[in-house]
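Student: Dropping the structure in here first, questions after.
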Amino acid sequence: MAIKAAADFVRLVESDDPEDRRLAAWDDAPLPVWKSVIENYPDMRFWVAHNRTVPAEILRTLAGDSDWRVRHRIASRASCPGEILEMLSRDSHDSVASAVAGHPRAPVAAIRHLAGHPWNQVRDKAIRQLAERAGEVDAK
């Protein structure tokens, strides 16, 4: 079942039924529906970011969200596009930067930038990531 309207998505997220919650995370929706949810239900943006079928265009929009939890959710997605990870590598919230620093698909330029991060947890994670990637190149 595809999500056909913003209200459908909200109903699924707010449901007590675990199957509805699963559908909220895995069902797809047309681009206008995702845009409507973002515009009309700001408290649902995290859940839009959580949905596994959301297109990159919506992820790009949400990567600029004012709520760091939404941006962190985007940066934590295994399928997050590199260009969005690059953008989020400059995020002001340490949790978002940390998620990017440990992301296996983060572009090398983003990881290099985070290797100079003021918070040692982010910096150390980025340095480890660079070392692991260098080891992969050496092993080939």
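Labeling convention for the structure tokens: chains A, B, ... as they appear, residues from 1 per chain, ligands from 1 in order of appearance.
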For segment 39-51 of chain A, list every protein, DNA or RNA residue within 12 Å, evaluated using only C-alpha atoms, and leave out those in the same chain fewer than 3 positions away; present the list as number ranges by chain.

Tutor: A: 3, 5-14, 21-29, 31-36, 54-80

Student: Find, counting only C-alpha atoms, the residue in A:Ile38, A:Ala134, A:Thr53, A:Val122 that gets nearest to Arg90 of chain A.

Tutor: A:Val122

Student: Just list as a PyMOL selection string whatever in segment 1-95 of chain A DSSP marks as helix (DSSP H, G or I).

Tutor: chain A and resi 6-14+18-26+31-40+42-50+56-62+68-76+82-88+94-95

Student: Provide the atom CA of Asp124 of chain A to atom CA of Gly82 of chain A distance in Å, to one decimal place.

Tutor: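 According to the coordinates, atom CA of Asp124 of chain A and atom CA of Gly82 of chain A are separated by 20.5 Å.
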
Student: Between A:Val37, A:Ile127, A:Leu88, A:Ala2, which one has atoms that come closest to Arg112 of chain A, using only C-alpha atoms?

Tutor: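 Smallest separation from Arg112 of chain A among the options: A:Ile127.
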
Student: Give me the residues within 9 Å of Gln121 of chain A as a ChimeraX atom specification, counting only C-alpha atoms and dropping any in the same chain fewer than 5 places off.

Tutor: /A:94,98,126

Student: Please produce a file of the residues just selected, as a JSON list (two decimals), in the first residue's frame, where the atoms kept are N, CA and C atoms.

Tutor:
```
[["chain", "number", "residue", "atom", "x", "y", "z"],
["A", 94, "ASP", "N", 27.19, 18.46, 17.01],
["A", 94, "ASP", "CA", 28.19, 17.41, 17.12],
["A", 94, "ASP", "C", 27.66, 16.03, 16.78],
["A", 98, "SER", "N", 29.21, 13.64, 14.01],
["A", 98, "SER", "CA", 29.68, 12.33, 14.41],
["A", 98, "SER", "C", 29.09, 11.23, 13.52],
["A", 126, "ALA", "N", 36.66, 10.32, 12.57],
["A", 126, "ALA", "CA", 37.04, 10.67, 11.20],
["A", 126, "ALA", "C", 38.46, 10.17, 10.88]]
```
